[in-house]
Amino acid sequence: MKLKLPIFYSLVFITLISANNEWAKHRTYSFYQNAENQAQPIREELKKDKFLSDEAGAVTLVINLWATWCGPCQKEIPKLNELVNKYENENTLFLAITDEKEDDVLDWIDLQKNEPEYFMLFENKRLINYVFTINPDKQIKKGRAPELLPTNLIIHNDQVIYYEQGYSEDNIAKMDSVLNKIQN
Amino acid sequence: MLQIEIKLIKSKKFILPAVILFLVLLFLAFTNYWVGAKSKELEGANLAAFVSTKATQSTILALFFLFWMLQFSIHLQNSGFYKMLVLFGWLRKKLFIYNIFQIGLYALLLLLLNYLCFAVLSFFYGTNPVQLIFNSEINGLLSQYFYLFAIGLFAVFVGYVWPNYILILPVFIYWLFEGWINNFLVKRFELDFGKYFPLQSTQQIISETILNYTQILTIGIYASLLFVFLNLSIQKKMFV
């Protein structure tokens, strides 16, 4: 019975990791559940950022989840820039969120032909996890798998009114029409 | 066990690497404060929260812990310390428990040493040690401790199987290689199965806010294998 002891310690280790994980989950979701509306956790994160705190009150939030290694996200940048030029104003904030480090992203941007013209939040896994949880389509699994990027959503008056995953011309056209409706 | 460990901690072979480690950690803490205070222009509680998050998600800390545990474990092997314990009548089962205790204790010591570095520098950046404690995420700290424990387990296992200081080099190369392969797969092919590699999956303990069941299962399998292999290497080792 030489395996009894290591198996016992393995079980203790797995139990402790799981317990810590459940505790973290409980704390994170209780924070979200107590939120007044779907936009509040996002606004709270914006308030914490020195450069974005002034934008936390924007009525319309256009959010893009992306990563530098995601090919479709790169293709999407010029299209999103067009939307920024057309619709960005004091009530509309365009925000890209990634879990990568600021320095890595900025180094990557330096090498690109198309530079993103919208605001960015870096290294924010918690917010990315949250944004996945507010997907109205519950069929789509939650997580940060590459096939789920880019994810674009529009929050207007604290409610999600547009949510799509993956890049396509159609999705950009839909975003354009939603933003057009909001502003006119 | 604690008394034996206190005697070991007082030895020159322990203090010298610990001092070097302290200086390295101090430098790492300085870079975190520099980024937080100068680049991000944070101060007070915000700066404390920023540096504590950085500290709890740092893989470099684990790399240094790996080196530290590896050299210490190899030293204890080569100096005949474990052999002496067995000769004094310790059962191999007790030696296994003692090794687990050592890993747990040194992981805790490293966290304290790291906190000390951040606490010392906090006075120079307009925050303080108390703010550091109150702005630390308790789950993040626990995750960091479990991650260090898993890495320590690997180091002690390597120390038992190949008690040679030269082993530090291939272990370091493997550490870099695995990270590089994972990055390559993700960035070049958008494949994320690199997260199932041993070190990458263990790293998810600290890099993910919330783990899913597959991640816990993968980490659990690797940890169990390490516990089993460590136990087997202790059982089969020719101490005499």
# chains A, B, ... in the order shown; residues from 1 in each chain; ligands from 1
>>> interface_residues(of="chain A", to="chain B", cutoff="8 Å", atoms="only C-alpha atoms", output="PyMOL selection string")
chain A and resi 2-3+5-7+9-11+13-14+17-18+20-21+23-25+50+68-70+125-126+145-146
>>> residues_around(residues="Tyr160 of chain B", least_positions_apart="6", cutoff="8 Å", atoms="only C-alpha atoms", output="ChimeraX atom specification")
/B:73-74,77,230,233-234,237
>>> residues_around(residues="Asn32 of chain B", least_positions_apart="4", cutoff="7 Å", atoms="only C-alpha atoms", output="ChimeraX atom specification")
/B:28,36,51
>>> write_last_selection(atoms="C-alpha atoms", output="PDB file, in the first residue's frame")
ATOM      1  CA  LEU B  28      11.571  42.408  -8.827  1.00  0.00           C
ATOM      2  CA  GLY B  36       2.810  51.104 -10.999  1.00  0.00           C
ATOM      3  CA  VAL B  51       1.706  45.594  -6.935  1.00  0.00           C
TER       4      VAL B  51
END
>>> atom_distance(atom1="atom CA of Tyr174 of chain B", atom2="atom CA of Leu199 of chain B")
9.3 Å
>>> select_by_dssp(residues="chain A", states="helix (DSSP H, G or I)", output="mmCIF file with N, CA and C atoms, in the first residue's frame")
data_model
loop_
_atom_site.group_PDB
_atom_site.id
_atom_site.type_symbol
_atom_site.label_atom_id
_atom_site.label_comp_id
_atom_site.auth_asym_id
_atom_site.auth_seq_id
_atom_site.Cartn_x
_atom_site.Cartn_y
_atom_site.Cartn_z
ATOM 1 N N LYS A 4 -0.991 4.763 -0.786
ATOM 2 C CA LYS A 4 -1.998 5.355 0.098
ATOM 3 C C LYS A 4 -1.667 6.808 0.432
ATOM 4 N N LEU A 5 -0.437 7.030 0.882
ATOM 5 C CA LEU A 5 -0.024 8.356 1.344
ATOM 6 C C LEU A 5 -0.014 9.396 0.223
ATOM 7 N N PRO A 6 0.658 9.087 -0.940
ATOM 8 C CA PRO A 6 0.604 10.094 -2.011
ATOM 9 C C PRO A 6 -0.803 10.375 -2.499
ATOM 10 N N ILE A 7 -1.647 9.353 -2.536
ATOM 11 C CA ILE A 7 -3.031 9.593 -2.985
ATOM 12 C C ILE A 7 -3.753 10.498 -1.980
ATOM 13 N N PHE A 8 -3.502 10.256 -0.716
ATOM 14 C CA PHE A 8 -4.120 11.094 0.322
ATOM 15 C C PHE A 8 -3.698 12.557 0.140
ATOM 16 N N TYR A 9 -2.391 12.786 -0.041
ATOM 17 C CA TYR A 9 -1.895 14.163 -0.206
ATOM 18 C C TYR A 9 -2.414 14.785 -1.508
ATOM 19 N N SER A 10 -2.509 13.962 -2.556
ATOM 20 C CA SER A 10 -3.044 14.474 -3.824
ATOM 21 C C SER A 10 -4.466 14.961 -3.624
ATOM 22 N N LEU A 11 -5.254 14.141 -2.926
ATOM 23 C CA LEU A 11 -6.660 14.515 -2.706
ATOM 24 C C LEU A 11 -6.757 15.796 -1.885
ATOM 25 N N VAL A 12 -5.873 15.912 -0.870
ATOM 26 C CA VAL A 12 -5.878 17.135 -0.043
ATOM 27 C C VAL A 12 -5.546 18.345 -0.930
ATOM 28 N N PHE A 13 -4.526 18.181 -1.768
ATOM 29 C CA PHE A 13 -4.095 19.280 -2.646
ATOM 30 C C PHE A 13 -5.222 19.701 -3.601
ATOM 31 N N ILE A 14 -5.839 18.694 -4.241
ATOM 32 C CA ILE A 14 -6.926 19.003 -5.201
ATOM 33 C C ILE A 14 -8.102 19.655 -4.470
ATOM 34 N N THR A 15 -8.399 19.137 -3.278
ATOM 35 C CA THR A 15 -9.510 19.712 -2.503
ATOM 36 C C THR A 15 -9.233 21.170 -2.160
ATOM 37 N N LEU A 16 -7.996 21.460 -1.748
ATOM 38 C CA LEU A 16 -7.662 22.841 -1.367
ATOM 39 C C LEU A 16 -7.749 23.775 -2.579
ATOM 40 N N ILE A 17 -7.235 23.318 -3.715
ATOM 41 C CA ILE A 17 -7.301 24.149 -4.934
ATOM 42 C C ILE A 17 -8.766 24.379 -5.332
ATOM 43 N N SER A 18 -9.561 23.310 -5.285
ATOM 44 C CA SER A 18 -10.973 23.440 -5.661
ATOM 45 C C SER A 18 -11.698 24.374 -4.703
ATOM 46 N N ALA A 19 -11.412 24.227 -3.410
ATOM 47 C CA ALA A 19 -12.089 25.072 -2.411
ATOM 48 C C ALA A 19 -11.734 26.538 -2.635
ATOM 49 N N ASN A 20 -10.460 26.791 -2.883
ATOM 50 C CA ASN A 20 -10.027 28.176 -3.137
ATOM 51 C C ASN A 20 -10.702 28.722 -4.392
ATOM 52 N N ASN A 21 -10.817 27.839 -5.400
ATOM 53 C CA ASN A 21 -11.443 28.244 -6.654
ATOM 54 C C ASN A 21 -12.926 28.565 -6.452
ATOM 55 N N GLU A 22 -13.598 27.704 -5.687
ATOM 56 C CA GLU A 22 -15.032 27.937 -5.436
ATOM 57 C C GLU A 22 -15.236 29.230 -4.657
ATOM 58 N N TRP A 23 -14.334 29.467 -3.714
ATOM 59 C CA TRP A 23 -14.404 30.695 -2.909
ATOM 60 C C TRP A 23 -14.216 31.928 -3.809
ATOM 61 N N ALA A 24 -13.213 31.838 -4.691
ATOM 62 C CA ALA A 24 -12.955 32.953 -5.624
ATOM 63 C C ALA A 24 -14.156 33.172 -6.537
ATOM 64 N N LYS A 25 -14.744 32.049 -6.989
ATOM 65 C CA LYS A 25 -15.913 32.128 -7.864
ATOM 66 C C LYS A 25 -17.074 32.813 -7.143
ATOM 67 N N HIS A 26 -17.282 32.366 -5.906
ATOM 68 C CA HIS A 26 -18.381 32.931 -5.108
ATOM 69 C C HIS A 26 -18.204 34.440 -4.926
ATOM 70 N N ARG A 27 -16.958 34.834 -4.588
ATOM 71 C CA ARG A 27 -16.689 36.260 -4.357
ATOM 72 C C ARG A 27 -16.890 37.071 -5.636
ATOM 73 N N THR A 28 -16.404 36.511 -6.766
ATOM 74 C CA THR A 28 -16.523 37.231 -8.042
ATOM 75 C C THR A 28 -17.994 37.357 -8.444
ATOM 76 N N TYR A 29 -18.724 36.212 -8.410
ATOM 77 C CA TYR A 29 -20.108 36.264 -8.879
ATOM 78 C C TYR A 29 -21.016 37.030 -7.924
ATOM 79 N N SER A 30 -20.704 36.987 -6.630
ATOM 80 C CA SER A 30 -21.564 37.756 -5.715
ATOM 81 C C SER A 30 -21.398 39.245 -5.991
ATOM 82 N N PHE A 31 -20.173 39.630 -6.412
ATOM 83 C CA PHE A 31 -19.947 41.036 -6.783
ATOM 84 C C PHE A 31 -20.800 41.379 -8.008
ATOM 85 N N TYR A 32 -20.815 40.455 -8.995
ATOM 86 C CA TYR A 32 -21.595 40.716 -10.202
ATOM 87 C C TYR A 32 -23.097 40.675 -9.936
ATOM 88 N N GLN A 33 -23.505 39.703 -9.079
ATOM 89 C CA GLN A 33 -24.939 39.563 -8.820
ATOM 90 C C GLN A 33 -25.499 40.781 -8.094
ATOM 91 N N GLN A 40 -22.743 47.939 -14.831
ATOM 92 C CA GLN A 40 -22.068 48.468 -13.626
ATOM 93 C C GLN A 40 -20.664 47.892 -13.396
ATOM 94 N N PRO A 41 -20.477 46.549 -13.485
ATOM 95 C CA PRO A 41 -19.108 46.034 -13.267
ATOM 96 C C PRO A 41 -18.101 46.618 -14.261
ATOM 97 N N ILE A 42 -18.567 46.875 -15.489
ATOM 98 C CA ILE A 42 -17.657 47.447 -16.499
ATOM 99 C C ILE A 42 -17.318 48.890 -16.113
ATOM 100 N N ARG A 43 -18.336 49.612 -15.687
ATOM 101 C CA ARG A 43 -18.092 51.015 -15.283
ATOM 102 C C ARG A 43 -17.161 51.078 -14.060
ATOM 103 N N GLU A 44 -17.338 50.103 -13.148
ATOM 104 C CA GLU A 44 -16.467 50.069 -11.950
ATOM 105 C C GLU A 44 -15.003 49.886 -12.362
ATOM 106 N N GLU A 45 -14.776 48.997 -13.339
ATOM 107 C CA GLU A 45 -13.401 48.765 -13.818
ATOM 108 C C GLU A 45 -12.849 50.016 -14.494
ATOM 109 N N LEU A 46 -13.720 50.712 -15.240
ATOM 110 C CA LEU A 46 -13.274 51.938 -15.917
ATOM 111 C C LEU A 46 -12.877 53.006 -14.898
ATOM 112 N N LYS A 47 -13.652 53.067 -13.812
ATOM 113 C CA LYS A 47 -13.362 54.079 -12.787
ATOM 114 C C LYS A 47 -11.983 53.876 -12.166
ATOM 115 N N LYS A 48 -11.543 52.604 -12.135
ATOM 116 C CA LYS A 48 -10.245 52.298 -11.513
ATOM 117 C C LYS A 48 -9.079 52.755 -12.389
ATOM 118 N N SER A 53 -11.243 56.812 -16.320
ATOM 119 C CA SER A 53 -12.249 57.078 -15.276
ATOM 120 C C SER A 53 -13.266 58.126 -15.727
ATOM 121 N N ASP A 54 -12.836 59.096 -16.538
ATOM 122 C CA ASP A 54 -13.764 60.133 -17.002
ATOM 123 C C ASP A 54 -14.806 59.577 -17.972
ATOM 124 N N GLU A 55 -14.491 58.432 -18.578
ATOM 125 C CA GLU A 55 -15.387 57.869 -19.595
ATOM 126 C C GLU A 55 -16.387 56.874 -18.987
ATOM 127 N N GLY A 71 -6.094 36.250 -35.358
ATOM 128 C CA GLY A 71 -6.116 36.757 -36.732
ATOM 129 C C GLY A 71 -7.356 37.570 -37.065
ATOM 130 N N PRO A 72 -8.559 37.024 -36.807
ATOM 131 C CA PRO A 72 -9.778 37.782 -37.123
ATOM 132 C C PRO A 72 -9.846 39.136 -36.381
ATOM 133 N N CYS A 73 -9.256 39.171 -35.165
ATOM 134 C CA CYS A 73 -9.268 40.437 -34.399
ATOM 135 C C CYS A 73 -8.450 41.493 -35.148
ATOM 136 N N GLN A 74 -7.346 41.056 -35.767
ATOM 137 C CA GLN A 74 -6.490 41.989 -36.513
ATOM 138 C C GLN A 74 -7.230 42.546 -37.723
ATOM 139 N N LYS A 75 -7.968 41.638 -38.422
ATOM 140 C CA LYS A 75 -8.715 42.062 -39.608
ATOM 141 C C LYS A 75 -9.780 43.085 -39.243
ATOM 142 N N GLU A 76 -10.270 42.960 -38.015
ATOM 143 C CA GLU A 76 -11.404 43.782 -37.584
ATOM 144 C C GLU A 76 -11.001 45.224 -37.256
ATOM 145 N N ILE A 77 -9.722 45.429 -36.943
ATOM 146 C CA ILE A 77 -9.279 46.748 -36.452
ATOM 147 C C ILE A 77 -9.672 47.908 -37.377
ATOM 148 N N PRO A 78 -9.360 47.842 -38.704
ATOM 149 C CA PRO A 78 -9.747 48.991 -39.553
ATOM 150 C C PRO A 78 -11.254 49.223 -39.595
ATOM 151 N N LYS A 79 -12.015 48.139 -39.497
ATOM 152 C CA LYS A 79 -13.489 48.270 -39.525
ATOM 153 C C LYS A 79 -13.973 48.958 -38.259
ATOM 154 N N LEU A 80 -13.390 48.553 -37.134
ATOM 155 C CA LEU A 80 -13.781 49.196 -35.869
ATOM 156 C C LEU A 80 -13.350 50.663 -35.875
ATOM 157 N N ASN A 81 -12.184 50.940 -36.461
ATOM 158 C CA ASN A 81 -11.724 52.331 -36.556
ATOM 159 C C ASN A 81 -12.730 53.185 -37.326
ATOM 160 N N GLU A 82 -13.301 52.599 -38.379
ATOM 161 C CA GLU A 82 -14.312 53.335 -39.168
ATOM 162 C C GLU A 82 -15.515 53.673 -38.290
ATOM 163 N N LEU A 83 -15.926 52.679 -37.474
ATOM 164 C CA LEU A 83 -17.067 52.923 -36.576
ATOM 165 C C LEU A 83 -16.733 54.007 -35.551
ATOM 166 N N VAL A 84 -15.489 53.980 -35.072
ATOM 167 C CA VAL A 84 -15.054 54.995 -34.099
ATOM 168 C C VAL A 84 -15.164 56.385 -34.734
ATOM 169 N N ASN A 85 -14.637 56.521 -35.946
ATOM 170 C CA ASN A 85 -14.682 57.830 -36.619
ATOM 171 C C ASN A 85 -16.111 58.309 -36.857
ATOM 172 N N LYS A 86 -16.996 57.358 -37.060
ATOM 173 C CA LYS A 86 -18.384 57.708 -37.386
ATOM 174 C C LYS A 86 -19.216 58.018 -36.126
ATOM 175 N N TYR A 87 -19.000 57.222 -35.068
ATOM 176 C CA TYR A 87 -19.953 57.294 -33.945
ATOM 177 C C TYR A 87 -19.382 57.748 -32.604
ATOM 178 N N GLU A 102 0.225 45.291 -21.284
ATOM 179 C CA GLU A 102 0.226 46.565 -22.015
ATOM 180 C C GLU A 102 1.465 46.694 -22.913
ATOM 181 N N ASP A 103 2.643 46.393 -22.361
ATOM 182 C CA ASP A 103 3.886 46.553 -23.130
ATOM 183 C C ASP A 103 3.882 45.656 -24.375
ATOM 184 N N ASP A 104 3.418 44.406 -24.187
ATOM 185 C CA ASP A 104 3.387 43.467 -25.315
ATOM 186 C C ASP A 104 2.455 43.981 -26.408
ATOM 187 N N VAL A 105 1.291 44.482 -25.979
ATOM 188 C CA VAL A 105 0.306 44.962 -26.956
ATOM 189 C C VAL A 105 0.851 46.192 -27.690
ATOM 190 N N LEU A 106 1.467 47.123 -26.939
ATOM 191 C CA LEU A 106 1.984 48.340 -27.564
ATOM 192 C C LEU A 106 3.122 48.020 -28.539
ATOM 193 N N ASP A 107 3.958 47.044 -28.153
ATOM 194 C CA ASP A 107 5.029 46.620 -29.075
ATOM 195 C C ASP A 107 4.435 46.050 -30.359
ATOM 196 N N TRP A 108 3.371 45.291 -30.191
ATOM 197 C CA TRP A 108 2.696 44.670 -31.340
ATOM 198 C C TRP A 108 2.072 45.757 -32.229
ATOM 199 N N ILE A 109 1.433 46.732 -31.587
ATOM 200 C CA ILE A 109 0.770 47.805 -32.347
ATOM 201 C C ILE A 109 1.778 48.581 -33.193
ATOM 202 N N ASP A 110 2.976 48.792 -32.621
ATOM 203 C CA ASP A 110 4.025 49.522 -33.361
ATOM 204 C C ASP A 110 4.341 48.889 -34.712
ATOM 205 N N LYS A 125 -8.473 39.953 -16.990
ATOM 206 C CA LYS A 125 -9.160 38.674 -17.188
ATOM 207 C C LYS A 125 -10.522 38.650 -16.504
ATOM 208 N N ARG A 126 -10.569 39.298 -15.347
ATOM 209 C CA ARG A 126 -11.814 39.278 -14.578
ATOM 210 C C ARG A 126 -12.939 39.927 -15.393
ATOM 211 N N LEU A 127 -12.639 41.042 -16.020
ATOM 212 C CA LEU A 127 -13.651 41.734 -16.805
ATOM 213 C C LEU A 127 -14.017 40.926 -18.047
ATOM 214 N N ILE A 128 -13.016 40.298 -18.658
ATOM 215 C CA ILE A 128 -13.293 39.466 -19.841
ATOM 216 C C ILE A 128 -14.220 38.311 -19.446
ATOM 217 N N ASN A 129 -13.914 37.666 -18.320
ATOM 218 C CA ASN A 129 -14.783 36.585 -17.841
ATOM 219 C C ASN A 129 -16.200 37.086 -17.626
ATOM 220 N N TYR A 130 -16.298 38.284 -17.074
ATOM 221 C CA TYR A 130 -17.628 38.848 -16.810
ATOM 222 C C TYR A 130 -18.373 39.088 -18.120
ATOM 223 N N VAL A 131 -17.679 39.685 -19.088
ATOM 224 C CA VAL A 131 -18.338 40.005 -20.366
ATOM 225 C C VAL A 131 -18.850 38.726 -21.037
ATOM 226 N N PHE A 132 -18.109 37.623 -20.894
ATOM 227 C CA PHE A 132 -18.597 36.353 -21.453
ATOM 228 C C PHE A 132 -19.865 35.881 -20.736
ATOM 229 N N THR A 133 -19.952 36.184 -19.459
ATOM 230 C CA THR A 133 -21.134 35.700 -18.717
ATOM 231 C C THR A 133 -22.409 36.458 -19.096
ATOM 232 N N PRO A 146 -9.768 30.598 -28.131
ATOM 233 C CA PRO A 146 -9.508 31.439 -29.294
ATOM 234 C C PRO A 146 -10.710 31.599 -30.218
ATOM 235 N N GLU A 147 -11.548 30.540 -30.342
ATOM 236 C CA GLU A 147 -12.664 30.639 -31.284
ATOM 237 C C GLU A 147 -13.720 31.648 -30.837
ATOM 238 N N LEU A 148 -13.625 32.127 -29.602
ATOM 239 C CA LEU A 148 -14.612 33.091 -29.106
ATOM 240 C C LEU A 148 -14.164 34.538 -29.327
ATOM 241 N N GLU A 169 -18.091 40.623 -42.006
ATOM 242 C CA GLU A 169 -18.561 41.919 -42.524
ATOM 243 C C GLU A 169 -19.991 42.163 -42.033
ATOM 244 N N ASP A 170 -20.769 41.075 -41.979
ATOM 245 C CA ASP A 170 -22.171 41.180 -41.538
ATOM 246 C C ASP A 170 -22.272 41.717 -40.124
ATOM 247 N N ASN A 171 -21.397 41.172 -39.257
ATOM 248 C CA ASN A 171 -21.422 41.625 -37.854
ATOM 249 C C ASN A 171 -21.099 43.110 -37.750
ATOM 250 N N ILE A 172 -20.118 43.550 -38.520
ATOM 251 C CA ILE A 172 -19.747 44.968 -38.493
ATOM 252 C C ILE A 172 -20.920 45.817 -39.001
ATOM 253 N N ALA A 173 -21.583 45.321 -40.070
ATOM 254 C CA ALA A 173 -22.741 46.049 -40.620
ATOM 255 C C ALA A 173 -23.852 46.141 -39.570
ATOM 256 N N LYS A 174 -24.031 45.040 -38.828
ATOM 257 C CA LYS A 174 -25.070 45.036 -37.770
ATOM 258 C C LYS A 174 -24.740 46.070 -36.702
ATOM 259 N N MET A 175 -23.452 46.094 -36.300
ATOM 260 C CA MET A 175 -23.022 47.071 -35.279
ATOM 261 C C MET A 175 -23.274 48.487 -35.782
ATOM 262 N N ASP A 176 -22.941 48.703 -37.048
ATOM 263 C CA ASP A 176 -23.130 50.016 -37.657
ATOM 264 C C ASP A 176 -24.602 50.412 -37.565
ATOM 265 N N SER A 177 -25.475 49.462 -37.906
ATOM 266 C CA SER A 177 -26.902 49.799 -37.919
ATOM 267 C C SER A 177 -27.418 50.046 -36.493
ATOM 268 N N VAL A 178 -26.932 49.253 -35.523
ATOM 269 C CA VAL A 178 -27.367 49.467 -34.123
ATOM 270 C C VAL A 178 -26.917 50.839 -33.636
ATOM 271 N N LEU A 179 -25.654 51.181 -33.913
ATOM 272 C CA LEU A 179 -25.128 52.476 -33.459
ATOM 273 C C LEU A 179 -25.840 53.631 -34.165
ATOM 274 N N ASN A 180 -26.152 53.403 -35.430
ATOM 275 C CA ASN A 180 -26.867 54.416 -36.202
ATOM 276 C C ASN A 180 -28.237 54.688 -35.583
ATOM 277 N N LYS A 181 -28.914 53.607 -35.206
ATOM 278 C CA LYS A 181 -30.246 53.715 -34.594
ATOM 279 C C LYS A 181 -30.161 54.488 -33.271
ATOM 280 N N ILE A 182 -29.112 54.163 -32.483
ATOM 281 C CA ILE A 182 -28.959 54.815 -31.173
ATOM 282 C C ILE A 182 -28.758 56.324 -31.342
ATOM 283 N N GLN A 183 -27.943 56.674 -32.314
ATOM 284 C CA GLN A 183 -27.567 58.089 -32.410
ATOM 285 C C GLN A 183 -28.535 58.934 -33.237
#
>>> atom_distance(atom1="atom CA of Val19 of chain B", atom2="atom CA of Gly104 of chain B")
19.7 Å
>>> closest_residue(among="A:Asn184, A:Gln165, A:Asn89, A:Gln38", to="Tyr118 of chain A", atoms="only C-alpha atoms")
A:Asn89
>>> residues_around(residues="Ser52 of chain B", least_positions_apart="3", cutoff="12 Å", atoms="only C-alpha atoms", output="PDB file with C-alpha atoms, in the first residue's frame")
ATOM      1  CA  ALA B  29       9.497  44.354  -6.297  1.00  0.00           C
ATOM      2  CA  ASN B  32       6.658  46.383 -10.053  1.00  0.00           C
ATOM      3  CA  TYR B  33       6.604  49.607  -8.035  1.00  0.00           C
ATOM      4  CA  GLY B  36       2.810  51.104 -10.999  1.00  0.00           C
ATOM      5  CA  ALA B  45      -4.155  52.000  -2.005  1.00  0.00           C
ATOM      6  CA  ASN B  46      -4.368  51.749  -5.826  1.00  0.00           C
ATOM      7  CA  LEU B  47      -0.623  51.243  -6.069  1.00  0.00           C
ATOM      8  CA  ALA B  48      -0.736  48.663  -3.251  1.00  0.00           C
ATOM      9  CA  ALA B  49      -3.519  46.759  -5.062  1.00  0.00           C
ATOM     10  CA  ALA B  55       3.156  39.783  -7.124  1.00  0.00           C
ATOM     11  CA  THR B  56       0.504  37.080  -6.827  1.00  0.00           C
ATOM     12  CA  GLN B  57       0.502  36.463 -10.588  1.00  0.00           C
ATOM     13  CA  SER B  58       4.270  36.390 -11.004  1.00  0.00           C
ATOM     14  CA  LEU B 111       5.934  34.448   0.280  1.00  0.00           C
ATOM     15  CA  ASN B 114       8.541  38.550  -1.018  1.00  0.00           C
ATOM     16  CA  TYR B 115       6.136  40.474   1.217  1.00  0.00           C
ATOM     17  CA  CYS B 117      10.637  43.183  -0.083  1.00  0.00           C
ATOM     18  CA  PHE B 118       7.378  44.872  -1.084  1.00  0.00           C
ATOM     19  CA  ALA B 119       6.931  46.202   2.465  1.00  0.00           C
ATOM     20  CA  SER B 122       6.410  50.587   0.009  1.00  0.00           C
ATOM     21  CA  THR B 127       2.125  53.410   0.361  1.00  0.00           C
ATOM     22  CA  PRO B 129       2.864  47.498   4.498  1.00  0.00           C
ATOM     23  CA  VAL B 130      -0.623  47.646   6.034  1.00  0.00           C
ATOM     24  CA  GLN B 131      -2.127  48.938   2.792  1.00  0.00           C
ATOM     25  CA  LEU B 132      -0.369  46.087   1.000  1.00  0.00           C
ATOM     26  CA  ILE B 133      -2.108  43.529   3.238  1.00  0.00           C
ATOM     27  CA  PHE B 134      -5.563  45.105   2.995  1.00  0.00           C
ATOM     28  CA  ASN B 135      -5.353  45.481  -0.780  1.00  0.00           C
ATOM     29  CA  SER B 136      -4.200  41.920  -1.446  1.00  0.00           C
ATOM     30  CA  GLU B 137      -6.624  39.413  -2.877  1.00  0.00           C
ATOM     31  CA  ILE B 138      -6.749  36.498  -0.426  1.00  0.00           C
ATOM     32  CA  ASN B 139      -7.638  33.993  -3.176  1.00  0.00           C
ATOM     33  CA  GLY B 140      -4.717  35.249  -5.233  1.00  0.00           C
ATOM     34  CA  LEU B 141      -2.325  34.706  -2.331  1.00  0.00           C
ATOM     35  CA  GLN B 144       0.227  31.640  -5.403  1.00  0.00           C
TER      36      GLN B 144
END
>>> select_by_dssp(residues="chain A", states="strand (DSSP E)", output="VMD selection string")
chain A and resid 60 to 65 92 to 97 119 to 121 151 to 156 159 to 165
>>> residues_around(residues="Ile154 of chain A", least_positions_apart="3", cutoff="6 Å", atoms="only C-alpha atoms", output="ChimeraX atom specification")
/A:61-62,160-162
>>> write_last_selection(atoms="N, CA and C atoms", output="PDB file, in the first residue's frame")
ATOM      1  N   LEU A  61     -21.739  51.883 -24.492  1.00  0.00           N
ATOM      2  CA  LEU A  61     -20.406  51.260 -24.420  1.00  0.00           C
ATOM      3  C   LEU A  61     -20.282  50.258 -25.571  1.00  0.00           C
ATOM      4  N   VAL A  62     -19.317  50.471 -26.419  1.00  0.00           N
ATOM      5  CA  VAL A  62     -19.066  49.513 -27.501  1.00  0.00           C
ATOM      6  C   VAL A  62     -17.798  48.758 -27.111  1.00  0.00           C
ATOM      7  N   VAL A 160     -27.533  45.152 -22.499  1.00  0.00           N
ATOM      8  CA  VAL A 160     -26.849  44.626 -23.683  1.00  0.00           C
ATOM      9  C   VAL A 160     -27.851  44.590 -24.843  1.00  0.00           C
ATOM     10  N   ILE A 161     -27.554  45.324 -25.913  1.00  0.00           N
ATOM     11  CA  ILE A 161     -28.492  45.317 -27.044  1.00  0.00           C
ATOM     12  C   ILE A 161     -27.881  44.636 -28.281  1.00  0.00           C
ATOM     13  N   TYR A 162     -26.587  44.341 -28.200  1.00  0.00           N
ATOM     14  CA  TYR A 162     -25.941  43.642 -29.320  1.00  0.00           C
ATOM     15  C   TYR A 162     -24.816  42.783 -28.739  1.00  0.00           C
TER      16      TYR A 162
END
>>> atom_distance(atom1="atom CA of Val59 of chain A", atom2="atom CA of Thr98 of chain A")
22.0 Å
>>> residues_around(residues="Asn164 of chain B", least_positions_apart="3", cutoff="12 Å", atoms="only C-alpha atoms", output="JSON, numbers by chain")
{"B": [70, 71, 72, 73, 74, 75, 76, 77, 78, 79, 155, 158, 159, 160, 161, 167, 168, 169, 170, 171]}
>>> closest_residue(among="B:Asn128, B:Thr218, B:Thr31, B:Asn99", to="Gly44 of chain B", atoms="only C-alpha atoms")
B:Asn128
